[in-house]
Every structure is written in structure tokens, then in C-alpha cells.
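> The following block contains the structure, expressed as C-alpha cells.
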Amino acid sequence: MVTLLALGVALSVCAPLPQPQEGEPGLARERGFGMVRTAAGEPWPGAEVHLLHRPHRDVLDESVADRIVTSSDERGRFRVELLPGARYVAWARAPQPDDDGRVRITRLATDATASTPILLDEGEGMWPRRVRLAPHASWDGHDLRVLATSYRRGANLAEWLQSDEDGLFTLPIWPGSGGSLQLYSDGWLVHRAYTGLTESWARRELGDMPDADPKALLRSTWELAVPPRRTRRMEFKTDAKGSPVSGAEAFPDQRPPGLEAPVSGADGVFEVVFASEEENPQRLPFSYLVVAEGCAEGTMASSSWTSGAPPETERQLPAGRGVEGRLTLAGKPLADVPLVLEGSVGTSDSGSWFGVDGRVFHSRADGTFTIPGRCDRFRYRLTAVLTPEQRAHLAAALDARRDSDDERPPGPVSACVVLASADDPPTDDLGDLEFTHLEQVDVTVEAADGTPPGPTAVSWIRCLNDHDAPHDTVRLSTDRHGRLRIVARRRAGALLMAQDATGIALRILEADDRYVTLRLDPRHRVKVRIVDGADRPIPGARAHIVSVERFDAENQALGTTLRNMASVHAWSFKTGTADDDGIAFVHTPLLDTELDFAIYLPGEQRNSPRKNVYVPAKRDPDEPVVIHVPEAGGR
């Protein structure tokens, strides 16, 4: 029997944020405004406008998110109250489908902020699509849970789906061509399928069937066949005595919300569940962090396999240790704060396991927290994610400690507070982390001419000693005046990188840095021209920086860190789309460098040509760097 459970992670109208009690500080919101326009560029009245802010993209905890739903007026305009220093993803859609069943929807905007016009332009319409699971008979008696996901341009959207009385469920309407369906059973990811909701997608699916009707395909119920249920054994033992590790938990990379982890039995064995045809295995990337919390020393490891038939294996968990601490603000405990562990947090057959720990920890009612099973020798970063109310309390406490002769207005407090990183002294106990005594730095970002650039993205990177940087940086944002206040346990050695469409600014913090000004440098903005073998422009081609092949940097550690960050989404504006003249813009923090580009040709998503291009520091910024793509000749 197939059971489809609902979870309130959908993109829906959220409950209002809790209001501060009388006498408590509140986080003042800033006015945001925008316009919804039709495909013809005319105002779109009555559109349903959605805005979503997540302080940390991997924390789907609704208590720290901010969701807003409003409507555009008769002139297509809307006004909203947004959190200062917060970046939102935004889109708009028609409240109801058209007569033919299509839902009008805008493109996704991923950098919506207060006091900056939010322009939402109509894109290709979406079709509500109904899906029926057709599982193999071997799944009888085993529950399947279905998660719809869409990760587009930094927006992490996820929704558990529930079947109707006919056993059908409808995919959510999100901007873009579609998304993925992930099927879980007993906590394991067992099957994945991709689909689209637009006519352009349907036409590609129909291929060389000129008489086929794309609309008919989208209106029909999709029968999603689920291959036979299969299992494998994974046995885990301790390094020290070789004893079975019972009660160990397996957490998938980027664990979805509301999912219970599989647990090993008394013999240390997991029964891994997956769906696969023996003749044609479903190739799924499985990566699980295995953590044994019952062992005194704490142990962890990760196992991964890249096909639908994971190997039967026996593994020893390397020794590790836990991390403990206590969060307080103004002498009072900070309860139920999400804590995110990032970086190299385990081991696998091929070496380090990178990314975000599948567990999301929370502080207890007394502010204490325990994170068991962190490997000794791997780099990590521990970040606390604050609610708007906690940020308001922190801002008030920090203002009370400001210098009396300081006339500069403070910026908004970051929602992400870095508590520990691999650069901190090794310790099993971080002790009392009083937020008003953590180090802070007030950041001001300026445009190249010294004026405020408006809300600007700022990245905080703590690893500079070698090449092993965390998978993702802490992403922050200034307010409309270019101001931001960052709180961390240690600021010395951290790299700050500010960026917008005009350029990038870099600064490594010193121990006594309290006030920092970052001026954006337009030299980091690279103009490229994408042409085919006959030097003709390729409109719509996308240039994406994959890595840095060579660089000349005064600070070798900084250069090595930035080079490795090129492959892990460490900065925005790595991708540019060519206009009718083949012109696109990308950004690189490193100057005088050779960049490795992936060129995505129009209408293609895979098998992109790779091109290495030298970008000198001294160049005419108006003269494009030419990228030749002979493979596109004849287009």
C-alpha cells in the first residue's frame, strides 16, 4: 500500500511572525515594493505574489524563515514589509488556472530586497500535472513517501505531497520547467524521477512526433513506474574493539524535513532499501552520513555509491568526538536555535565527505546543545541561525555596548552567527557562548564611486589555511545603505567578500578589525563574447565558471581557497547569458587568471563544451574576452 503524507513545508500563506511582548525590542522591517508585468510588458493586476526568505538555505525550519503572500493592485504594483538585510526569492502567479487549465506564472527572482524594485515578469505558463504511482508488486505493504523538490538559482523549495481519494497527487506550481520527485521508504531515498510542467518541455519529450499535442501530454495522468524493491546489507563496527555499532543512524545528504533516519540493529547492520531493475539499474547518487551516538567516544563515517545497487559491505567507523556548548543572550538561554554543521564532516571510501551534516541540531530549553560524533581530523563550521525576534534582542544588546562617541548607525544583525570553525582550538566543549561577548564587525559596502550600492550580498568564509574550504559560505546581505553587522566567535582570519552586478570586494579580517569598508571593484566583472566556429554570436548561450585553472595571487592561501570555491557556489554571478551579440558578464574574485568555462548552448543542459580562457588583470573592461565554441558551428 502506498501512503502519501502531507507536510506544511509548502509554499503557502504563513502565520505572522510572533510579535515582541511589551517592552521587548522588535526587528524593524523595511518597505519593499515591486511590479508584476505580463508577457507583453503591461501591468498584471490581481496576481498572487510570493516572497520567501531563508537565512540558511539548508535550514528549512519555518521558525527562522519569512514567508509573505500578497496581491498586485490594479496597476500591477505591490508593497511588502521585509526584514532588513534579508534576500528573498520572489514570484507571482495567477490565483486560478486559465480556461484551458494553464497557470500563468512569472520567472523567479532570487535577489529581492527592501527598497529595491522587485520586477516580476511573466514567463512560460505551467500546467498542473497529476501523477499516479505504479509501484512494482514487491512494494506491497511498504510505505512510500513522495517529496517534490525544486532547486533553482539558490531557491530551495520542497513539499511533501498527499494523494487524493483517487490515489493521485498534483505537482506544485513553481517557476521553471519543472522539478524532481523523490521517493522515500523507511528513511532511504529509493527512487527519483524528473518531470516538467511546460509546453516547451512537453515538446522536447514528444521529440519527432509532429502530430502529438503537448497539451494533451500535460493534461494526461502521469503513470510513474517504481522498479522492484530491493535491499542490501551494510554492517558497521567500531575501530577500537570491532564491536557492532547498534543504534547508528544514516542521514542522507541535505536531509529533507520531517524524515526519520534509518537505524542499525543490534548486530550493527542496516538494511538499505532501493528501487532498481537488475538489467537497467536506476543510477541514483546515494550519500549517507552514518553516525553512532551511543558510543562513548562518538563515531561517524559516510558511505556513498553511484548506482541503484549499493554494495553489501562491512565498514569500521573511525573514532570521533562530540561538541558541546551553551547559547546565551543577555544572560538568558537561547532555546531551540537551529545549529548547522558544515564542511568536511565524515569519511567515505574515497576520502572526505563534504557538505552539510544531514542532521539539524537545536539548542535545548536551557541553551545547551550537544553535537555527537564529529571526526577529529576534518574541518568544519558550526553556525547558529537566529529568528527575527532573537536578532532584534541581539541588536539591542550590542547597541547598548557601543562606544559613546560612535556616531555611525549600526547595520542589521546577521541571522547566521558563526560559533566555531576548524581554525578554533580543538575542544570538546565550546563552553558558554554569550552572544553579546562574541566578536563583531560592522561592515559597510560602497560602490566604486563611494556611494551606497543598495542591498549587497556578503560572504563570510572562515577557512584560509589550506585548500579545504567549506562546501558553502555563510551568505549574508546588507541593508539598503550597504550596512551589515556580523557576529562570530572569532573574526581574525575570516574572508569577507561583497559582490553585486558591478564587481567584487575582498578583505581578510585582522584581530582588531571592528569597522570595515568594502569598495566594489569593477575589474572583477568580466565581459565575454560567445561565438561559434565562424565567429558568429550565439544568443542565449550561458558561460559558467567551473574552476580556476591558474592564478597569480599575492596571498597564496587566499588564492588557493578562492580557486577551490569556484566549484562550490561560493559566489554569485558565476553564470552569464549571452545577448543577441553574444555578450555575457561573469565575475571572478581572482585577477590575472585562467578560468575554466562550461558553455551551455541554447536549449541544451548537458554535454556542454569546456573552454579555458585567460583573463588578464590589465585589460580594457569594454573589450570582451572571446570564447570560441566551434561545436556550435552551423547553428
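Chain labels run A, B, ... following the order of the C-alpha cells; each chain numbers its residues from 1, and ligands are numbered from 1 in the order shown.
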As a list in words, please: the residues near A:Asp73 (cut-off 9 Å, only C-alpha atoms, same-chain neighbours under 2 positions excluded).
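The contact residues come out as Trp44, Pro45, Gly46, Ala47, Ser71, Arg75, Gly76, Arg77 and Phe78 of chain A.
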> Show which residues sit within 6 Å of A:Val626, as a PyMOL selection string. Count only C-alpha atoms, and ignore same-chain residues fewer than 2 positions away.
chain A and resi 528-529+624
> Please report the interatomic distance between atom CA of A:Asp580 and atom CA of A:His628 in Å with one decimal.
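Distance between the two atoms: 15.8 Å.
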> Residues within 7 Å of stretch 540-542 of chain A, please, as a PyMOL selection string. Count only C-alpha atoms; anything in the same chain fewer than 5 positions from it doesn't count.
chain A and resi 575-579+599-602
> May I have the residues from that selection written out with N, CA, C and O atoms, as a CSV table (one decimal), in the first residue's frame?

```csv
chain,number,residue,atom,x,y,z
A,575,THR,N,27.6,32.8,-13.6
A,575,THR,CA,27.0,32.4,-14.9
A,575,THR,C,26.4,33.7,-15.5
A,575,THR,O,25.7,34.5,-14.9
A,576,GLY,N,26.7,33.8,-16.8
A,576,GLY,CA,26.1,34.9,-17.6
A,576,GLY,C,25.5,34.4,-18.9
A,576,GLY,O,26.0,33.4,-19.5
A,577,THR,N,24.3,34.9,-19.3
A,577,THR,CA,23.6,34.5,-20.5
A,577,THR,C,23.9,35.5,-21.6
A,577,THR,O,23.7,36.7,-21.4
A,578,ALA,N,24.3,35.0,-22.8
A,578,ALA,CA,24.6,35.9,-23.9
A,578,ALA,C,23.4,36.6,-24.5
A,578,ALA,O,22.3,36.0,-24.7
A,579,ASP,N,23.6,37.9,-24.9
A,579,ASP,CA,22.5,38.6,-25.5
A,579,ASP,C,22.6,38.3,-27.1
A,579,ASP,O,23.3,37.4,-27.5
A,599,ILE,N,30.2,26.0,-21.3
A,599,ILE,CA,29.4,26.7,-22.2
A,599,ILE,C,28.1,25.9,-22.5
A,599,ILE,O,28.2,24.8,-23.1
A,600,TYR,N,27.0,26.4,-22.0
A,600,TYR,CA,25.7,25.7,-22.2
A,600,TYR,C,25.1,26.4,-23.5
A,600,TYR,O,24.7,27.6,-23.4
A,601,LEU,N,24.9,25.6,-24.5
A,601,LEU,CA,24.3,26.1,-25.7
A,601,LEU,C,22.8,26.2,-25.6
A,601,LEU,O,22.2,25.5,-24.8
A,602,PRO,N,22.2,27.1,-26.3
A,602,PRO,CA,20.7,27.3,-26.2
A,602,PRO,C,19.9,26.0,-26.3
A,602,PRO,O,20.2,25.2,-27.3
```
> Extract, using only C-alpha atoms, all DNA, RNA and protein residues at most 9 Å from A:Ile627, discarding same-chain residues fewer than 4 positions from it, and format them as a VMD selection string.
chain A and resid 528 to 532 543 597 599 611 to 613
> Filtering to all heavy atoms, could you give me those residues as a PDB file, in the first residue's frame?

```pdb
ATOM      1  N   VAL A 528      32.439  38.786 -21.550  1.00  0.00           N
ATOM      2  CA  VAL A 528      32.817  37.742 -22.500  1.00  0.00           C
ATOM      3  C   VAL A 528      31.898  37.811 -23.715  1.00  0.00           C
ATOM      4  O   VAL A 528      30.777  38.343 -23.634  1.00  0.00           O
ATOM      5  CB  VAL A 528      32.753  36.335 -21.862  1.00  0.00           C
ATOM      6  CG1 VAL A 528      33.691  36.237 -20.685  1.00  0.00           C
ATOM      7  CG2 VAL A 528      31.333  35.991 -21.440  1.00  0.00           C
ATOM      8  N   ARG A 529      32.396  37.273 -24.825  1.00  0.00           N
ATOM      9  CA  ARG A 529      31.597  37.171 -26.051  1.00  0.00           C
ATOM     10  C   ARG A 529      31.694  35.732 -26.539  1.00  0.00           C
ATOM     11  O   ARG A 529      32.789  35.224 -26.769  1.00  0.00           O
ATOM     12  CB  ARG A 529      32.082  38.135 -27.125  1.00  0.00           C
ATOM     13  CG  ARG A 529      31.192  38.179 -28.364  1.00  0.00           C
ATOM     14  CD  ARG A 529      31.562  39.352 -29.267  1.00  0.00           C
ATOM     15  NE  ARG A 529      30.620  39.489 -30.365  1.00  0.00           N
ATOM     16  CZ  ARG A 529      30.829  39.003 -31.601  1.00  0.00           C
ATOM     17  NH1 ARG A 529      31.960  38.367 -31.864  1.00  0.00           N
ATOM     18  NH2 ARG A 529      29.932  39.168 -32.539  1.00  0.00           N
ATOM     19  N   ILE A 530      30.543  35.082 -26.647  1.00  0.00           N
ATOM     20  CA  ILE A 530      30.483  33.678 -27.026  1.00  0.00           C
ATOM     21  C   ILE A 530      30.145  33.589 -28.510  1.00  0.00           C
ATOM     22  O   ILE A 530      29.094  34.085 -28.945  1.00  0.00           O
ATOM     23  CB  ILE A 530      29.437  32.932 -26.188  1.00  0.00           C
ATOM     24  CG1 ILE A 530      29.652  33.202 -24.688  1.00  0.00           C
ATOM     25  CG2 ILE A 530      29.494  31.439 -26.460  1.00  0.00           C
ATOM     26  CD1 ILE A 530      28.573  32.632 -23.805  1.00  0.00           C
ATOM     27  N   VAL A 531      31.051  32.975 -29.280  1.00  0.00           N
ATOM     28  CA  VAL A 531      30.865  32.892 -30.740  1.00  0.00           C
ATOM     29  C   VAL A 531      31.087  31.453 -31.181  1.00  0.00           C
ATOM     30  O   VAL A 531      31.720  30.649 -30.487  1.00  0.00           O
ATOM     31  CB  VAL A 531      31.847  33.828 -31.476  1.00  0.00           C
ATOM     32  CG1 VAL A 531      31.595  35.281 -31.094  1.00  0.00           C
ATOM     33  CG2 VAL A 531      33.296  33.451 -31.188  1.00  0.00           C
ATOM     34  N   ASP A 532      30.566  31.134 -32.375  1.00  0.00           N
ATOM     35  CA  ASP A 532      30.735  29.793 -32.922  1.00  0.00           C
ATOM     36  C   ASP A 532      31.997  29.727 -33.768  1.00  0.00           C
ATOM     37  O   ASP A 532      32.829  30.651 -33.762  1.00  0.00           O
ATOM     38  CB  ASP A 532      29.497  29.369 -33.709  1.00  0.00           C
ATOM     39  CG  ASP A 532      29.232  30.266 -34.921  1.00  0.00           C
ATOM     40  OD1 ASP A 532      30.141  31.040 -35.307  1.00  0.00           O
ATOM     41  OD2 ASP A 532      28.124  30.202 -35.475  1.00  0.00           O
ATOM     42  N   ALA A 543      27.630  31.110 -20.139  1.00  0.00           N
ATOM     43  CA  ALA A 543      29.006  30.875 -19.727  1.00  0.00           C
ATOM     44  C   ALA A 543      29.027  30.702 -18.216  1.00  0.00           C
ATOM     45  O   ALA A 543      28.597  31.601 -17.483  1.00  0.00           O
ATOM     46  CB  ALA A 543      29.893  32.044 -20.142  1.00  0.00           C
ATOM     47  N   PHE A 597      35.602  27.473 -18.263  1.00  0.00           N
ATOM     48  CA  PHE A 597      34.191  27.736 -18.515  1.00  0.00           C
ATOM     49  C   PHE A 597      33.490  26.484 -19.032  1.00  0.00           C
ATOM     50  O   PHE A 597      34.046  25.718 -19.821  1.00  0.00           O
ATOM     51  CB  PHE A 597      34.012  28.832 -19.574  1.00  0.00           C
ATOM     52  CG  PHE A 597      34.253  30.224 -19.076  1.00  0.00           C
ATOM     53  CD1 PHE A 597      35.482  30.837 -19.237  1.00  0.00           C
ATOM     54  CD2 PHE A 597      33.241  30.939 -18.458  1.00  0.00           C
ATOM     55  CE1 PHE A 597      35.706  32.119 -18.797  1.00  0.00           C
ATOM     56  CE2 PHE A 597      33.449  32.226 -18.012  1.00  0.00           C
ATOM     57  CZ  PHE A 597      34.689  32.820 -18.181  1.00  0.00           C
ATOM     58  N   ILE A 599      30.238  25.966 -21.314  1.00  0.00           N
ATOM     59  CA  ILE A 599      29.367  26.745 -22.186  1.00  0.00           C
ATOM     60  C   ILE A 599      28.128  25.912 -22.481  1.00  0.00           C
ATOM     61  O   ILE A 599      28.200  24.843 -23.099  1.00  0.00           O
ATOM     62  CB  ILE A 599      30.071  27.124 -23.500  1.00  0.00           C
ATOM     63  CG1 ILE A 599      31.382  27.844 -23.208  1.00  0.00           C
ATOM     64  CG2 ILE A 599      29.156  27.995 -24.358  1.00  0.00           C
ATOM     65  CD1 ILE A 599      31.221  29.129 -22.428  1.00  0.00           C
ATOM     66  N   LYS A 611      35.856  25.247 -21.945  1.00  0.00           N
ATOM     67  CA  LYS A 611      36.821  26.140 -22.547  1.00  0.00           C
ATOM     68  C   LYS A 611      37.650  26.820 -21.458  1.00  0.00           C
ATOM     69  O   LYS A 611      37.095  27.367 -20.504  1.00  0.00           O
ATOM     70  CB  LYS A 611      36.118  27.216 -23.398  1.00  0.00           C
ATOM     71  CG  LYS A 611      35.203  26.668 -24.488  1.00  0.00           C
ATOM     72  CD  LYS A 611      35.994  25.939 -25.557  1.00  0.00           C
ATOM     73  CE  LYS A 611      35.060  25.297 -26.563  1.00  0.00           C
ATOM     74  NZ  LYS A 611      35.807  24.521 -27.588  1.00  0.00           N
ATOM     75  N   ASN A 612      38.960  26.793 -21.612  1.00  0.00           N
ATOM     76  CA  ASN A 612      39.850  27.543 -20.743  1.00  0.00           C
ATOM     77  C   ASN A 612      40.177  28.875 -21.391  1.00  0.00           C
ATOM     78  O   ASN A 612      40.596  28.923 -22.554  1.00  0.00           O
ATOM     79  CB  ASN A 612      41.151  26.776 -20.480  1.00  0.00           C
ATOM     80  CG  ASN A 612      40.960  25.636 -19.507  1.00  0.00           C
ATOM     81  OD1 ASN A 612      39.864  25.457 -18.969  1.00  0.00           O
ATOM     82  ND2 ASN A 612      41.987  24.866 -19.279  1.00  0.00           N
ATOM     83  N   VAL A 613      39.978  29.957 -20.633  1.00  0.00           N
ATOM     84  CA  VAL A 613      40.168  31.304 -21.172  1.00  0.00           C
ATOM     85  C   VAL A 613      41.024  32.100 -20.203  1.00  0.00           C
ATOM     86  O   VAL A 613      40.745  32.124 -18.990  1.00  0.00           O
ATOM     87  CB  VAL A 613      38.813  32.013 -21.396  1.00  0.00           C
ATOM     88  CG1 VAL A 613      39.034  33.425 -21.909  1.00  0.00           C
ATOM     89  CG2 VAL A 613      37.954  31.221 -22.370  1.00  0.00           C
TER      90      VAL A 613
END
```
> Which residues are near A:Leu83? Cut-off 8 Å, only C-alpha atoms, ignore same chain within fewer than 4 positions. Put them as a PDB file with N, CA, C and O atoms, in the first residue's frame.

```
ATOM      1  N   LEU A  27      12.332  43.666  15.557  1.00  0.00           N
ATOM      2  CA  LEU A  27      13.187  43.861  14.395  1.00  0.00           C
ATOM      3  C   LEU A  27      12.412  44.688  13.376  1.00  0.00           C
ATOM      4  O   LEU A  27      11.471  44.205  12.749  1.00  0.00           O
ATOM      5  N   ALA A  28      12.794  45.957  13.238  1.00  0.00           N
ATOM      6  CA  ALA A  28      12.079  46.861  12.352  1.00  0.00           C
ATOM      7  C   ALA A  28      12.178  46.373  10.910  1.00  0.00           C
ATOM      8  O   ALA A  28      13.257  46.016  10.429  1.00  0.00           O
ATOM      9  N   ARG A  29      11.068  46.348  10.237  1.00  0.00           N
ATOM     10  CA  ARG A  29      11.050  45.934   8.833  1.00  0.00           C
ATOM     11  C   ARG A  29      11.237  47.154   7.933  1.00  0.00           C
ATOM     12  O   ARG A  29      11.009  48.294   8.344  1.00  0.00           O
ATOM     13  N   GLU A  30      11.651  46.874   6.710  1.00  0.00           N
ATOM     14  CA  GLU A  30      11.824  47.927   5.722  1.00  0.00           C
ATOM     15  C   GLU A  30      10.819  47.732   4.604  1.00  0.00           C
ATOM     16  O   GLU A  30      10.447  46.600   4.272  1.00  0.00           O
ATOM     17  N   ALA A 114      14.575  44.806   0.320  1.00  0.00           N
ATOM     18  CA  ALA A 114      13.836  46.021   0.627  1.00  0.00           C
ATOM     19  C   ALA A 114      14.448  47.211  -0.118  1.00  0.00           C
ATOM     20  O   ALA A 114      15.653  47.274  -0.347  1.00  0.00           O
ATOM     21  N   PRO A 388      13.957  36.247  13.673  1.00  0.00           N
ATOM     22  CA  PRO A 388      13.920  37.717  13.675  1.00  0.00           C
ATOM     23  C   PRO A 388      13.833  38.306  15.082  1.00  0.00           C
ATOM     24  O   PRO A 388      14.443  39.346  15.358  1.00  0.00           O
TER      25      PRO A 388
END
```
